[in-house]
$ cat input09.csv   # CSV, C-alpha atoms and all ligand atoms
chain,number,residue,atom,x,y,z
A,1103,MET,CA,112.2,92.1,89.1
A,1104,VAL,CA,108.7,93.6,88.8
A,1105,GLU,CA,107.8,96.0,91.5
A,1106,ALA,CA,104.4,95.7,93.2
A,1107,VAL,CA,103.8,99.4,92.5
A,1108,GLU,CA,105.7,101.7,90.2
A,1109,VAL,CA,104.9,105.4,89.7
A,1110,GLU,CA,106.9,107.4,87.2
A,1111,ALA,CA,106.7,111.1,86.6
A,1112,LEU,CA,103.0,111.0,87.4
A,1113,SER,CA,101.0,114.3,87.1
A,1114,LYS,CA,97.4,115.1,87.6
A,1115,VAL,CA,95.8,118.4,87.0
A,1116,TYR,CA,92.1,118.5,88.2
A,1117,LYS,CA,89.5,120.2,86.0
A,1118,ASN,CA,89.6,123.3,88.3
A,1119,GLY,CA,93.3,123.6,87.5
A,1120,THR,CA,94.7,122.2,90.8
A,1121,LYS,CA,98.0,120.4,90.2
A,1122,ALA,CA,97.6,117.6,92.6
A,1123,LEU,CA,100.5,115.5,91.3
A,1124,GLN,CA,103.5,117.1,89.7
A,1125,GLY,CA,106.0,114.4,88.6
A,1126,MET,CA,105.5,111.9,91.4
A,1127,SER,CA,107.8,108.9,91.2
A,1128,LEU,CA,108.0,106.1,93.7
A,1129,LYS,CA,108.1,102.3,94.0
A,1130,ALA,CA,106.8,99.7,96.4
A,1131,GLU,CA,108.6,96.4,96.5
A,1132,LYS,CA,106.6,93.2,96.5
A,1133,GLY,CA,105.9,91.8,100.0
A,1134,ARG,CA,106.7,95.1,101.8
A,1135,LEU,CA,104.8,97.9,103.4
A,1136,LEU,CA,105.3,101.4,102.0
A,1137,THR,CA,103.9,104.3,103.9
A,1138,VAL,CA,103.3,107.6,102.2
A,1139,ILE,CA,103.4,110.6,104.4
A,1140,GLY,CA,102.9,114.2,103.6
A,1141,ARG,CA,100.9,117.3,104.5
A,1142,ASN,CA,97.2,117.7,103.7
A,1143,GLY,CA,96.8,118.3,100.0
A,1144,ALA,CA,100.2,116.7,99.1
A,1145,GLY,CA,98.6,114.4,96.6
A,1146,LYS,CA,98.5,111.1,98.5
A,1147,THR,CA,94.8,110.3,97.9
A,1148,THR,CA,95.1,111.4,94.3
A,1149,MET,CA,98.0,109.0,93.7
A,1150,VAL,CA,96.0,106.2,95.4
A,1151,ARG,CA,93.0,106.9,93.2
A,1152,VAL,CA,95.2,106.7,90.1
A,1153,LEU,CA,96.8,103.4,91.2
A,1154,THR,CA,93.4,101.9,92.0
A,1155,THR,CA,92.1,102.8,88.5
A,1156,GLN,CA,89.5,105.4,89.7
A,1157,LEU,CA,91.2,108.4,88.3
A,1158,VAL,CA,93.1,108.9,85.0
A,1159,PRO,CA,96.3,110.9,85.4
A,1160,SER,CA,97.3,113.8,83.1
A,1161,SER,CA,100.7,112.3,82.3
A,1162,GLY,CA,103.3,109.8,83.5
A,1163,THR,CA,102.8,106.1,84.2
A,1164,ALA,CA,101.5,104.0,87.1
A,1165,ARG,CA,101.9,100.3,87.2
A,1166,VAL,CA,100.7,97.7,89.6
A,1167,LEU,CA,102.4,94.3,89.4
A,1168,GLY,CA,103.9,95.4,86.2
A,1169,VAL,CA,100.5,96.3,84.6
A,1170,ASP,CA,99.8,99.8,83.4
A,1171,VAL,CA,96.7,100.9,85.4
A,1172,VAL,CA,95.5,103.3,82.7
A,1173,ALA,CA,96.0,101.0,79.7
A,1174,GLU,CA,94.7,97.8,81.4
A,1175,PRO,CA,92.6,98.7,84.4
A,1176,ASP,CA,90.6,95.4,84.2
A,1177,LYS,CA,93.8,93.4,84.5
A,1178,VAL,CA,94.8,95.3,87.7
A,1179,LYS,CA,91.5,95.3,89.5
A,1180,PRO,CA,91.4,91.6,90.5
A,1181,HIS,CA,94.7,92.0,92.3
A,1182,ILE,CA,94.0,95.1,94.4
A,1183,ALA,CA,91.9,96.1,97.4
A,1184,LEU,CA,91.3,99.6,98.7
A,1185,VAL,CA,90.3,101.3,101.9
A,1186,PRO,CA,89.3,104.8,100.6
A,1187,GLN,CA,90.0,107.8,102.8
A,1188,GLU,CA,86.3,108.7,102.9
A,1189,ALA,CA,84.5,105.3,102.6
A,1190,GLN,CA,80.9,105.0,103.8
A,1191,THR,CA,79.4,101.8,104.8
A,1192,ASN,CA,75.9,100.8,103.7
A,1193,GLN,CA,73.9,101.8,106.8
A,1194,SER,CA,71.5,98.9,106.7
A,1195,MET,CA,74.2,96.2,106.3
A,1196,SER,CA,76.1,94.7,109.2
A,1197,PRO,CA,79.9,94.3,109.4
A,1198,TRP,CA,79.3,90.6,108.7
A,1199,ASP,CA,77.3,91.3,105.5
A,1200,TYR,CA,79.8,93.9,104.5
A,1201,VAL,CA,82.9,91.7,104.8
A,1202,TYR,CA,81.3,88.4,103.8
A,1203,TYR,CA,79.6,89.6,100.6
A,1204,LEU,CA,82.5,91.7,99.4
A,1205,THR,CA,84.7,88.7,99.9
A,1206,LYS,CA,82.2,86.5,98.1
A,1207,LEU,CA,82.3,89.0,95.1
A,1208,GLU,CA,85.9,87.9,94.5
A,1209,GLY,CA,84.4,84.6,93.4
A,1210,VAL,CA,85.6,82.4,96.3
A,1211,SER,CA,83.4,79.6,97.9
A,1212,SER,CA,80.9,80.4,100.6
A,1213,GLY,CA,83.0,78.4,103.1
A,1214,GLU,CA,86.2,80.3,102.2
A,1215,ALA,CA,84.4,83.7,102.4
A,1216,LYS,CA,82.9,82.7,105.8
A,1217,SER,CA,86.2,81.8,107.3
A,1218,ARG,CA,87.9,84.9,106.0
A,1219,ALA,CA,85.1,87.1,107.3
A,1220,ILE,CA,85.3,85.5,110.8
A,1221,ASP,CA,89.0,86.0,110.9
A,1222,ALA,CA,89.0,89.6,109.6
A,1223,LEU,CA,86.2,90.7,111.9
A,1224,GLN,CA,88.2,89.2,114.8
A,1225,GLN,CA,91.3,91.0,113.8
A,1226,VAL,CA,89.6,94.4,113.9
A,1227,GLY,CA,87.8,93.5,117.2
A,1228,LEU,CA,84.2,93.5,115.7
A,1229,GLU,CA,83.2,89.9,116.6
A,1230,SER,CA,80.5,90.9,119.1
A,1231,LEU,CA,79.1,93.7,116.8
A,1232,SER,CA,79.3,91.8,113.6
A,1233,ASN,CA,75.5,91.3,113.2
A,1234,LYS,CA,74.4,94.8,114.2
A,1235,PRO,CA,73.4,97.2,111.3
A,1236,CYS,CA,76.0,99.8,110.5
A,1237,TYR,CA,73.7,102.7,111.4
A,1238,SER,CA,73.8,101.5,115.0
A,1239,LEU,CA,77.6,101.5,115.2
A,1240,SER,CA,80.1,104.2,116.2
A,1241,GLY,CA,82.2,106.0,113.5
A,1242,GLY,CA,85.3,104.0,114.5
A,1243,GLU,CA,83.4,100.7,114.5
A,1244,LYS,CA,82.1,101.4,110.9
A,1245,ARG,CA,85.7,102.3,109.8
A,1246,ARG,CA,86.8,98.9,111.3
A,1247,ALA,CA,84.2,97.1,109.2
A,1248,ILE,CA,85.8,98.7,106.0
A,1249,VAL,CA,89.3,97.8,107.1
A,1250,ALA,CA,88.1,94.2,107.8
A,1251,ALA,CA,86.8,93.9,104.2
A,1252,ALA,CA,90.3,94.8,102.9
A,1253,ILE,CA,91.9,92.3,105.3
A,1254,ALA,CA,89.5,89.6,104.2
A,1255,SER,CA,90.2,90.2,100.5
A,1256,GLY,CA,92.6,87.9,98.8
A,1257,ALA,CA,94.2,90.9,96.9
A,1258,GLU,CA,97.9,90.8,96.5
A,1259,VAL,CA,98.3,94.6,96.8
A,1260,LEU,CA,96.4,96.7,99.3
A,1261,PHE,CA,95.9,100.4,99.2
A,1262,LEU,CA,94.9,101.8,102.6
A,1263,ASP,CA,94.2,105.5,102.6
A,1264,GLU,CA,94.3,106.6,106.3
A,1265,PRO,CA,92.8,103.3,107.5
A,1266,THR,CA,93.2,104.0,111.2
A,1267,THR,CA,92.0,107.6,111.3
A,1268,GLY,CA,89.5,107.9,114.1
A,1269,LEU,CA,90.4,104.5,115.6
A,1270,ASP,CA,91.3,104.2,119.3
A,1271,PRO,CA,95.0,103.4,120.2
A,1272,ILE,CA,94.2,99.8,121.3
A,1273,ILE,CA,92.4,98.8,118.1
A,1274,ARG,CA,95.0,100.7,116.0
A,1275,ARG,CA,97.8,98.5,117.4
A,1276,GLN,CA,95.7,95.4,116.7
A,1277,ILE,CA,95.5,96.6,113.1
A,1278,TRP,CA,99.2,97.3,112.9
A,1279,LEU,CA,99.7,93.6,113.9
A,1280,SER,CA,97.3,92.5,111.1
A,1281,LEU,CA,99.2,94.6,108.6
A,1282,ARG,CA,102.5,93.1,109.6
A,1283,LYS,CA,101.0,89.6,109.4
A,1284,MET,CA,99.8,90.3,105.9
A,1285,VAL,CA,103.2,91.6,104.8
A,1286,GLU,CA,104.9,88.5,106.3
A,1287,LYS,CA,102.6,86.4,104.1
A,1288,GLY,CA,103.9,88.2,101.0
A,1289,ARG,CA,101.2,90.8,100.4
A,1290,THR,CA,102.2,94.4,99.5
A,1291,ILE,CA,100.6,97.3,101.3
A,1292,VAL,CA,100.6,101.0,100.4
A,1293,LEU,CA,99.5,102.9,103.4
A,1294,THR,CA,98.9,106.6,104.0
A,1295,THR,CA,98.7,108.0,107.5
A,1296,HIS,CA,99.2,111.2,109.5
A,1297,LEU,CA,100.2,109.2,112.6
A,1298,MET,CA,104.0,109.3,112.7
A,1299,GLU,CA,104.1,106.5,115.3
A,1300,GLU,CA,102.1,104.3,113.0
A,1301,ALA,CA,104.5,105.1,110.1
A,1302,GLU,CA,107.4,104.3,112.3
A,1303,MET,CA,106.0,101.0,113.6
A,1304,VAL,CA,104.5,99.4,110.5
A,1305,SER,CA,106.6,100.5,107.5
A,1306,ASP,CA,109.4,98.8,105.7
A,1307,ARG,CA,109.9,102.0,103.8
A,1308,ILE,CA,108.5,105.5,104.0
A,1309,ALA,CA,108.0,108.0,101.2
A,1310,VAL,CA,107.7,111.6,102.1
A,1311,VAL,CA,105.7,113.6,99.5
A,1312,ASP,CA,105.0,117.3,99.1
A,1313,HIS,CA,103.2,119.4,96.4
A,1314,GLY,CA,102.6,116.3,94.3
A,1315,SER,CA,106.1,114.9,94.2
A,1316,LEU,CA,108.5,112.8,96.2
A,1317,VAL,CA,110.7,114.6,98.8
A,1318,THR,CA,112.7,111.6,100.1
A,1319,SER,CA,112.2,107.9,100.8
A,1320,GLY,CA,113.9,105.2,102.8
A,1321,THR,CA,113.6,103.0,105.9
A,1322,PRO,CA,112.1,104.6,109.0
A,1323,SER,CA,115.6,104.9,110.5
A,1324,ASP,CA,117.0,106.4,107.2
A,1325,ILE,CA,114.3,109.0,107.3
A,1326,ARG,CA,114.9,109.8,111.0
A,1327,SER,CA,118.6,110.3,110.4
A,1328,SER,CA,118.1,112.5,107.4
A,1329,ILE,CA,118.1,115.7,109.5
A,1330,THR,CA,121.1,117.1,111.3
A,1331,ALA,CA,119.6,117.3,114.8
A,1332,LYS,CA,120.7,114.3,117.0
A,1333,ALA,CA,118.4,114.5,120.0
A,1334,ARG,CA,115.5,116.5,121.3
A,1335,VAL,CA,115.0,118.0,124.8
A,1336,VAL,CA,111.5,119.1,125.9
A,1337,LEU,CA,111.8,122.0,128.3
A,1338,ARG,CA,108.8,122.8,130.5
A,1339,GLY,CA,108.2,126.1,132.3
A,1340,SER,CA,109.5,128.3,129.5
A,1341,HIS,CA,112.6,130.5,129.7
A,1342,ALA,CA,115.1,128.3,127.8
A,1343,ASP,CA,117.0,131.5,126.9
A,1344,GLY,CA,120.7,130.9,126.5
A,1345,PHE,CA,120.2,127.4,125.0
A,1346,GLU,CA,120.2,128.6,121.4
A,1347,SER,CA,123.9,127.7,121.0
A,1348,TYR,CA,123.1,124.0,121.5
A,1349,GLY,CA,120.8,123.8,118.5
A,1350,GLU,CA,117.5,124.9,117.2
A,1351,LEU,CA,114.9,126.0,119.7
A,1352,VAL,CA,111.2,125.8,119.0
A,1353,LYS,CA,108.8,127.6,121.3
A,1354,LEU,CA,105.4,126.1,122.0
A,1355,GLY,CA,103.9,128.5,124.6
A,1356,ASP,CA,105.0,127.5,128.0
A,1357,ARG,CA,107.2,124.6,126.7
A,1358,GLU,CA,110.0,124.4,124.2
A,1359,ILE,CA,111.7,121.8,122.1
A,1360,LEU,CA,115.4,122.1,121.8
A,1361,TYR,CA,117.0,120.1,118.9
A,1362,LEU,CA,120.5,119.3,119.9
A,1363,ASP,CA,123.2,119.4,117.2
A,1364,ARG,CA,125.4,117.2,119.3
A,1365,GLU,CA,124.1,114.4,121.5
A,1366,GLU,CA,127.0,114.9,124.0
A,1367,THR,CA,125.6,118.2,125.1
A,1368,ALA,CA,122.4,116.6,126.5
A,1369,ASN,CA,123.8,116.3,130.1
A,1370,GLU,CA,124.9,119.9,130.1
A,1371,VAL,CA,121.5,121.1,129.0
A,1372,VAL,CA,119.7,118.9,131.6
A,1373,SER,CA,121.9,120.1,134.5
A,1374,ALA,CA,121.5,123.7,133.4
A,1375,THR,CA,117.8,123.4,133.2
A,1376,LEU,CA,117.4,121.6,136.5
A,1377,SER,CA,119.5,124.3,138.2
A,1378,LYS,CA,116.9,126.8,137.0
A,1379,GLY,CA,114.2,124.7,138.6
A,1380,LEU,CA,112.8,123.7,135.2
A,1381,SER,CA,112.1,120.2,133.9
A,1382,ALA,CA,113.9,118.7,130.9
A,1383,GLU,CA,113.2,115.5,129.1
A,1384,VAL,CA,115.8,114.1,126.6
A,1385,SER,CA,114.8,111.7,123.9
A,1386,PRO,CA,115.8,110.6,120.4
A,1387,ILE,CA,114.6,112.5,117.3
A,1388,THR,CA,111.2,111.3,116.2
A,1389,LEU,CA,109.7,110.9,112.8
A,1390,GLU,CA,107.3,113.8,113.7
A,1391,ASP,CA,110.4,116.1,114.1
A,1392,VAL,CA,111.7,115.0,110.7
A,1393,PHE,CA,108.3,115.7,109.1
A,1394,TYR,CA,108.4,119.3,110.5
A,1395,LYS,CA,112.0,119.8,109.3
A,1396,LEU,CA,111.5,118.4,105.8
A,1397,LEU,CA,108.1,119.8,105.1
A,1398,GLY,CA,108.5,123.3,106.4
A,1399,GLY,CA,106.9,123.4,109.8
A,1400,GLN,CA,108.0,125.4,112.9
A,1401,MET,CA,111.6,124.2,112.7
A,1402,GLU,CA,112.2,126.1,109.5
A,1501,LIG,N1,88.2,116.3,93.0
A,1501,LIG,C1,89.1,117.3,93.1
A,1501,LIG,N2,89.0,118.4,92.4
A,1501,LIG,C2,89.9,119.4,92.4
A,1501,LIG,N3,90.9,119.4,93.3
A,1501,LIG,C3,91.1,118.3,94.1
A,1501,LIG,C4,90.2,117.2,94.1
A,1501,LIG,N4,90.6,116.3,95.0
A,1501,LIG,C5,91.7,116.9,95.6
A,1501,LIG,N5,92.0,118.1,95.0
A,1501,LIG,C6,93.2,118.9,95.4
A,1501,LIG,O1,94.3,118.2,95.0
A,1501,LIG,C7,95.4,118.3,95.9
A,1501,LIG,C8,95.8,117.0,96.4
A,1501,LIG,O2,94.7,116.4,97.2
A,1501,LIG,P1,94.7,114.9,97.8
A,1501,LIG,O3,93.4,114.6,98.3
A,1501,LIG,O4,95.4,114.0,96.9
A,1501,LIG,O5,95.7,115.2,99.0
A,1501,LIG,P2,96.2,114.3,100.3
A,1501,LIG,O6,97.6,114.2,100.3
A,1501,LIG,O7,95.4,113.0,100.2
A,1501,LIG,O8,95.7,115.1,101.5
A,1501,LIG,P3,95.0,114.7,102.9
A,1501,LIG,O9,96.2,114.4,103.8
A,1501,LIG,O10,94.3,115.9,103.4
A,1501,LIG,O11,94.1,113.5,102.7
A,1501,LIG,C9,94.8,119.3,97.0
A,1501,LIG,O12,95.3,120.6,96.7
A,1501,LIG,C10,93.3,119.2,96.8
A,1501,LIG,O13,92.7,120.4,97.2
A,1502,MG,MG,94.1,112.0,101.4
$ encode --input "input09.csv" --output "structure tokens" --more "lines below"
Ligand SMILES: Nc1ncnc2c1ncn2[C@@H]1O[C@H](COP(=O)(O)OP(=O)(O)OP(=O)(O)O)[C@@H](O)[C@H]1O
Ligand SMILES: [Mg+2]
Amino acid sequence: MVEAVEVEALSKVYKNGTKALQGMSLKAEKGRLLTVIGRNGAGKTTMVRVLTTQLVPSSGTARVLGVDVVAEPDKVKPHIALVPQEAQTNQSMSPWDYVYYLTKLEGVSSGEAKSRAIDALQQVGLESLSNKPCYSLSGGEKRRAIVAAAIASGAEVLFLDEPTTGLDPIIRRQIWLSLRKMVEKGRTIVLTTHLMEEAEMVSDRIAVVDHGSLVTSGTPSDIRSSITAKARVVLRGSHADGFESYGELVKLGDREILYLDREETANEVVSATLSKGLSAEVSPITLEDVFYKLLGGQME
């Protein structure tokens, strides 16, 4: 079966010598949402730019719907849509103009473009602002117009590079719903985000990347269980001394996170903490914890 996106041993060295991609390999299945997470500078945007035919790689291959993006970019373009990480709207255009005309450029009828634009603007909550010029909108509202244009496109594969950065939590959830609806209809989405809850909530699969290559990939629960810690306890009021034997202890000023090696010890830790007059909150390991562990944060 042809994958929606297939990246094999992809490398990119920028003119200044920066090795942004170093043998990146990953796949996105058709009709699924793949989220790529990784630290700043890990190579996410560089890979998205190669896949969307904006940047030529130094070596390796990248295919979208089975078509090589370097050899046949014009064959790829009609099937993809992109929300770039740093997109700017045309300040004098309104969200309506933006979404409607970009949809129209795909060659669809005016009626079809109109109904798609109405629907997409409603999905990002911009109905009441759709005729205001972009210069009069807030940063998040402008970002929503760009996301709406991608939602309105008929593209089979969508590349969304941090689409919800700067958006409030209410609208973000509305966009998560839109993304899941698109996937249910068979579209493929490649998303990047620094919001671990977003990755957890919308992804079918997550690819963790670092220094231009893949670290690990799997379903959100595969990724969460890829570290040995089984639960986390947040201790407030400091002074968690003596708890080191239960697992790794991360100090964050007057609060600490204790990563338990064994879930069964949670009760013991909670009673010991309460007896010291401190507060303890036990919860499952989060994707954020895994990110720290895999990519060399404070847990190392
Ligand atoms: N045009 C460019 N010229 C030279 N180096 C670049 C260029 N764009 C990016 N880089 C470098 O390439 C590496 C990868 O950058 P990229 O933008 O792909 O990272 P990213 O994973 O998208 O990061 P972020 O999470 O901050 O968006 C970084 O080291 C960056 O400094
Ligand atoms: Mg980026």
$ residues_around --input "input09.csv" --residues "Thr1294 in chain A" --least-positions-apart "4" --cutoff "10 Å" --atoms "all atoms listed in the file" --output "list in words"
Leu1136, Thr1137, Val1138, Ile1139, Gly1140, Lys1146, Thr1147, Val1150, Gln1187, Phe1261, Leu1262, Asp1263, Glu1264, Pro1265, Thr1266, Glu1300, Ala1301, Ile1308 and Ala1309 of chain A
$ write_last_selection --input "input09.csv" --atoms "C-alpha atoms" --output "tab-separated table (two decimals), in the coordinates of the input"
chain	number	residue	atom	x	y	z
A	1136	LEU	CA	105.30	101.40	102.00
A	1137	THR	CA	103.90	104.30	103.90
A	1138	VAL	CA	103.30	107.60	102.20
A	1139	ILE	CA	103.40	110.60	104.40
A	1140	GLY	CA	102.90	114.20	103.60
A	1146	LYS	CA	98.50	111.10	98.50
A	1147	THR	CA	94.80	110.30	97.90
A	1150	VAL	CA	96.00	106.20	95.40
A	1187	GLN	CA	90.00	107.80	102.80
A	1261	PHE	CA	95.90	100.40	99.20
A	1262	LEU	CA	94.90	101.80	102.60
A	1263	ASP	CA	94.20	105.50	102.60
A	1264	GLU	CA	94.30	106.60	106.30
A	1265	PRO	CA	92.80	103.30	107.50
A	1266	THR	CA	93.20	104.00	111.20
A	1300	GLU	CA	102.10	104.30	113.00
A	1301	ALA	CA	104.50	105.10	110.10
A	1308	ILE	CA	108.50	105.50	104.00
A	1309	ALA	CA	108.00	108.00	101.20
$ residues_around --input "input09.csv" --residues "Ile1325 in chain A" --least-positions-apart "3" --cutoff "10 Å" --atoms "all atoms listed in the file" --output "PyMOL selection string"
chain A and resi 1302+1307-1310+1318-1322+1328-1329+1388-1389+1392-1393+1396
$ atom_distance --input "input09.csv" --atom1 "CA of Gly1398 in chain A" --atom2 "CA of Val1311 in chain A"
12.2 Å
$ closest_residue --input "input09.csv" --among "A:Ala1247, A:Trp1278, A:Trp1198, A:Ala1122" --to "Leu1293 in chain A" --atoms "only C-alpha atoms"
A:Trp1278
$ residues_near_ligand --input "input09.csv" --ligand "ligand LIG 1501 (chain A)" --cutoff "7 Å" --atoms "all atoms listed in the file" --output "list in words"
Tyr1116, Lys1117, Asn1118, Thr1120, Lys1121, Ala1122, Gly1140, Arg1141, Asn1142, Gly1143, Ala1144, Gly1145, Lys1146, Thr1147, Thr1148 and Met1149 of chain A
$ closest_residue --input "input09.csv" --among "A:Asp1170, A:Leu1184, A:Arg1165, A:Gly1288" --to "Arg1151 in chain A" --atoms "all atoms listed in the file"
A:Leu1184
$ closest_residue --input "input09.csv" --among "A:Ser1280, A:Ser1212, A:Ser1327, A:Ser1315" --to "Lys1114 in chain A" --atoms "all atoms listed in the file"
A:Ser1315
$ atom_distance --input "input09.csv" --atom1 "CA of Gln1224 in chain A" --atom2 "CA of Ala1106 in chain A"
27.8 Å
$ atom_distance --input "input09.csv" --atom1 "CA of Arg1326 in chain A" --atom2 "CA of Ser1305 in chain A"
12.9 Å
$ residues_near_point --input "input09.csv" --point "(113.6, 115.8, 126.7)" --cutoff "9 Å" --atoms "only C-alpha atoms" --output "ChimeraX atom specification"
/A:1333-1337,1359-1360,1368,1372,1381-1386
$ residues_near_point --input "input09.csv" --point "(97.4, 103.8, 116.1)" --cutoff "10 Å" --atoms "all atoms listed in the file" --output "PyMOL selection string"
chain A and resi 1265-1278+1295+1297-1301+1303
$ closest_atom_pairs --input "input09.csv" --of "range 1168-1220 of chain A" --to "range 1236-1240 of chain A" --cutoff "12 Å" --atoms "all atoms listed in the file" --output "Markdown table"
| residue | atom | partner | partner_atom | distance |
| --- | --- | --- | --- | --- |
| A:Gln1190 | CA | A:Cys1236 | CA | 9.8 |
| A:Thr1191 | CA | A:Cys1236 | CA | 6.9 |
| A:Asn1192 | CA | A:Cys1236 | CA | 6.9 |
| A:Gln1193 | CA | A:Tyr1237 | CA | 4.7 |
| A:Ser1194 | CA | A:Cys1236 | CA | 6.0 |
| A:Met1195 | CA | A:Cys1236 | CA | 5.8 |
| A:Ser1196 | CA | A:Cys1236 | CA | 5.3 |
| A:Pro1197 | CA | A:Cys1236 | CA | 6.8 |
| A:Trp1198 | CA | A:Cys1236 | CA | 9.9 |
| A:Asp1199 | CA | A:Cys1236 | CA | 9.9 |
| A:Tyr1200 | CA | A:Cys1236 | CA | 9.2 |
$ closest_residue --input "input09.csv" --among "A:Tyr1394, A:Arg1289, A:Glu1229, A:Leu1260" --to "Arg1246 in chain A" --atoms "all atoms listed in the file"
A:Glu1229
$ residues_around --input "input09.csv" --residues "Ile1220 in chain A" --least-positions-apart "5" --cutoff "12 Å" --atoms "only C-alpha atoms" --output "short mmCIF file (atom, residue, chain, number, x, y, z; two decimals) with C-alpha atoms, keeping the file's coordinate frame"
data_model
loop_
_atom_site.label_atom_id
_atom_site.label_comp_id
_atom_site.auth_asym_id
_atom_site.auth_seq_id
_atom_site.Cartn_x
_atom_site.Cartn_y
_atom_site.Cartn_z
CA PRO A 1197 79.90 94.30 109.40
CA TRP A 1198 79.30 90.60 108.70
CA ASP A 1199 77.30 91.30 105.50
CA TYR A 1200 79.80 93.90 104.50
CA VAL A 1201 82.90 91.70 104.80
CA TYR A 1202 81.30 88.40 103.80
CA THR A 1205 84.70 88.70 99.90
CA GLY A 1213 83.00 78.40 103.10
CA GLU A 1214 86.20 80.30 102.20
CA ALA A 1215 84.40 83.70 102.40
CA GLN A 1225 91.30 91.00 113.80
CA VAL A 1226 89.60 94.40 113.90
CA GLY A 1227 87.80 93.50 117.20
CA LEU A 1228 84.20 93.50 115.70
CA GLU A 1229 83.20 89.90 116.60
CA SER A 1230 80.50 90.90 119.10
CA LEU A 1231 79.10 93.70 116.80
CA SER A 1232 79.30 91.80 113.60
CA ASN A 1233 75.50 91.30 113.20
CA ALA A 1247 84.20 97.10 109.20
CA ALA A 1250 88.10 94.20 107.80
CA ALA A 1251 86.80 93.90 104.20
CA ILE A 1253 91.90 92.30 105.30
CA ALA A 1254 89.50 89.60 104.20
#
$ closest_residue --input "input09.csv" --among "A:Leu1167, A:Leu1123, A:Gln1156, A:Asp1324" --to "Val1104 in chain A" --atoms "only C-alpha atoms"
A:Leu1167
$ residues_around --input "input09.csv" --residues "Thr1155 in chain A" --least-positions-apart "4" --cutoff "7 Å" --atoms "all atoms listed in the file" --output "list in words"
Arg1151, Val1171, Val1172 and Pro1175 of chain A
$ closest_residue --input "input09.csv" --among "A:Ala1219, A:Leu1362, A:Ile1248, A:Ala1173" --to "Val1152 in chain A" --atoms "only C-alpha atoms"
A:Ala1173
$ residues_around --input "input09.csv" --residues "Val1259 in chain A" --least-positions-apart "5" --cutoff "7 Å" --atoms "all atoms listed in the file" --output "list in words"
His1181, Ile1182, Ala1183, Arg1289, Thr1290 and Ile1291 of chain A
$ axis_aligned_box --input "input09.csv" --around "range 1370-1386 of chain A" --padding-each-side "3 Å" --output "lines of an AutoDock Vina configuration file"
center_x = 118.5
center_y = 118.7
center_z = 129.5
size_x = 18.8
size_y = 22.2
size_z = 24.2
